[in-house]
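Engineer: Here it is, the structure, as structure tokens.
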Amino acid sequence: MSAAFQISPAARDALQGWLASAKALKAASDNTIKAYQVDVLDFITFLTAHHAEPQGLAPLSRVTTSDMRSWMAHLRGQGAASRSMARKLSAVKSFYRWLSEREGYEPTAVLSARAPKFQKKLPRPLTEDAARAMIDSVELQATKGWIGARDSAVITLLYGCGLRISEALGLTGRDLPLGETLRILGKGRKERIVPVLPVARRAVETYIALCPHPMEPDKPLFRGARGGALNPRLIQKVTEKARMQLGLPATATPHAMRHSFATHLLAAGGDLRAIQELLGHASLSTTQAYTSVDQVHLMKVYEATHPKAG
């Protein structure tokens with residue numbers, strides 16, 4: 001029996017209400033909302049099996065500390081990674097905070113549950129030479145010149161402006177012609193202004209000149225072969241092919257170009273707060289991960305070059 005049929009209509013309505021609230025108030029993406037829904041439904045499915053009864057609003061209000069421990073043990077037994085468990089617990093806690101406000105639940109048992117600790121993965125940037133080689137190689141993958149120019153322009157924007165792939169592919173004809181700056185609407189509908197390097201402007205101009213599809217204000221800037229919006233998976237695939245030809249690691253993804261943008265700026269003396277603004281990070285702590293990357297690089301240089309390092 002699917003999770004959708006294991007909860008009462010009232011509980012299902014509450015879940016949908018919370019998801020709608022998260023989408024409206026937090027400006028969460030569709031993918032985030034879908035992940036929230038799956039995580040909370042998985043939790044409810046566990047409770048259904050654990051207590052051998054369908055879960056309505058009343059049973060959900062009676063969740064105990066023991067239930068939470070059993071759920072976490074169940075996830076661990078299924079082989080869930082610590083990062084995944086932490087994400088699921090975060091979704092459930094958010095749902096219960098909402099329930100406590102709307103239904104008067106006592107959420108302490110849920111909110112006091114501790115997520116397993118995990119080592120945050122550091123960003124894996126490319127070297128400056130590898131980033132340039134990636135841009136050049138991507139252009140050569142396509143069988144049609146305009147598609148190669150398109151792919152090169154997208155990757156150049158990721159590296160040259162620090163854009164997320166969704167942000168680059170979200171550009172429309174209304175953003176043309178590109179000037180010295182670009183207004184980007186990022187995660188959580190947070191707006192930021194990023195500088196556009198001449199090389200990025202030239203890459204986009206070259207693509208536009210070759211593109212067989214007209215640039216219209218309400219249409220995507222980057223088009224698929226048939227003129228529709230470009231699927232991000234195509235950029236991921238062409239990047240994967242390029243990195244295999246260049247002998248780069250599997251971490252050389254489109255998103256790694258954004259990491260490289262930030263790391264190279266920091267290595268060149270960029271201010272951390274400024275880089276935070278350019279990346280559109282809500283928290284400085286997210287941007288501070290790049291300082292760890294730079295320190296790792298500095299230690300490697302030190303160990304390789306200092307006479308006493310050996």
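A note on labels: chains of the structure tokens are A, B, ... as shown, every chain counts residues from 1, and ligands are counted from 1 in their shown order.
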I want to know what sits within 9 Å of Ala168 (chain A), based on only C-alpha atoms, with residues of the same chain fewer than 2 positions away left out; could you give that as a count of residues only?

Structural biologist: 13

Engineer: Mind checking which residues fall within 12 Å of Ser84 (chain A), counting only C-alpha atoms, ignoring those fewer than 6 positions away in the same chain, and posting them as a ChimeraX atom specification?

Structural biologist: /A:35,39,72,75-76,78,90-91,115-118

Engineer: My list of candidates is A:Ala200, A:Ile7, A:Val194, A:Ile33. Which is closest to Thr45 (chain A) when distances are computed with only C-alpha atoms?

Structural biologist: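 Among the listed residues, the smallest separation from Thr45 (chain A) belongs to A:Ile7.
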
Engineer: For the contact check between region 134-173 of chain A and region 240-250 of chain A, emit one row per residue of region 134-173 of chain A within 8 Å, containing the shortest atom pair and the distance in Å rounded to one decimal, counting only C-alpha atoms, chain then rising number order, as a Markdown table.

Structural biologist:
| residue | atom | partner | partner_atom | distance |
| --- | --- | --- | --- | --- |
| A:Met134 | CA | A:Ala242 | CA | 6.4 |
| A:Ser137 | CA | A:Ala242 | CA | 5.7 |
| A:Val138 | CA | A:Ala242 | CA | 5.7 |
| A:Gln141 | CA | A:Ala242 | CA | 7.3 |

Engineer: DSSP says alpha helix (DSSP H) for which residues of region 29-111 of chain A? Put them as a PyMOL selection string?

Structural biologist: chain A and resi 30-51+57-61+65-77+82-103+108-111

Engineer: Counting only C-alpha atoms, what is within 9 Å of region 41-43 of chain A, bar same-chain residues fewer than 3 positions away, as an MDAnalysis selection string?

Structural biologist: chainID A and resid 3:4 15 36:38 46:48 71 88:89 92

Engineer: Closest to Ala28 (chain A) among A:Arg189, A:His264, A:Lys93, A:Arg183, using only C-alpha atoms?

Structural biologist: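 Ranked by minimum distance to Ala28 (chain A), first place goes to A:Arg189.
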
Engineer: Choose the residue, out of A:Met85, A:Ala131, A:Ala52, A:Val204, that has the smallest atom-to-atom separation from Ala113 (chain A); count only C-alpha atoms.

Structural biologist: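 Nearest candidate to Ala113 (chain A) out of A:Met85, A:Ala131, A:Ala52, A:Val204: A:Met85.
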
Engineer: So that I can check the secondary structure, give me every residue of region 188-225 of chain A assigned strand (DSSP E or B) by backbone DSSP, as a list of chain:residue names.

Structural biologist: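 Residues of region 188-225 of chain A classed as strand (DSSP E or B): A:Glu191, A:Arg192, A:Ile193, A:Val194, A:Pro195, A:Pro220, A:Arg223.
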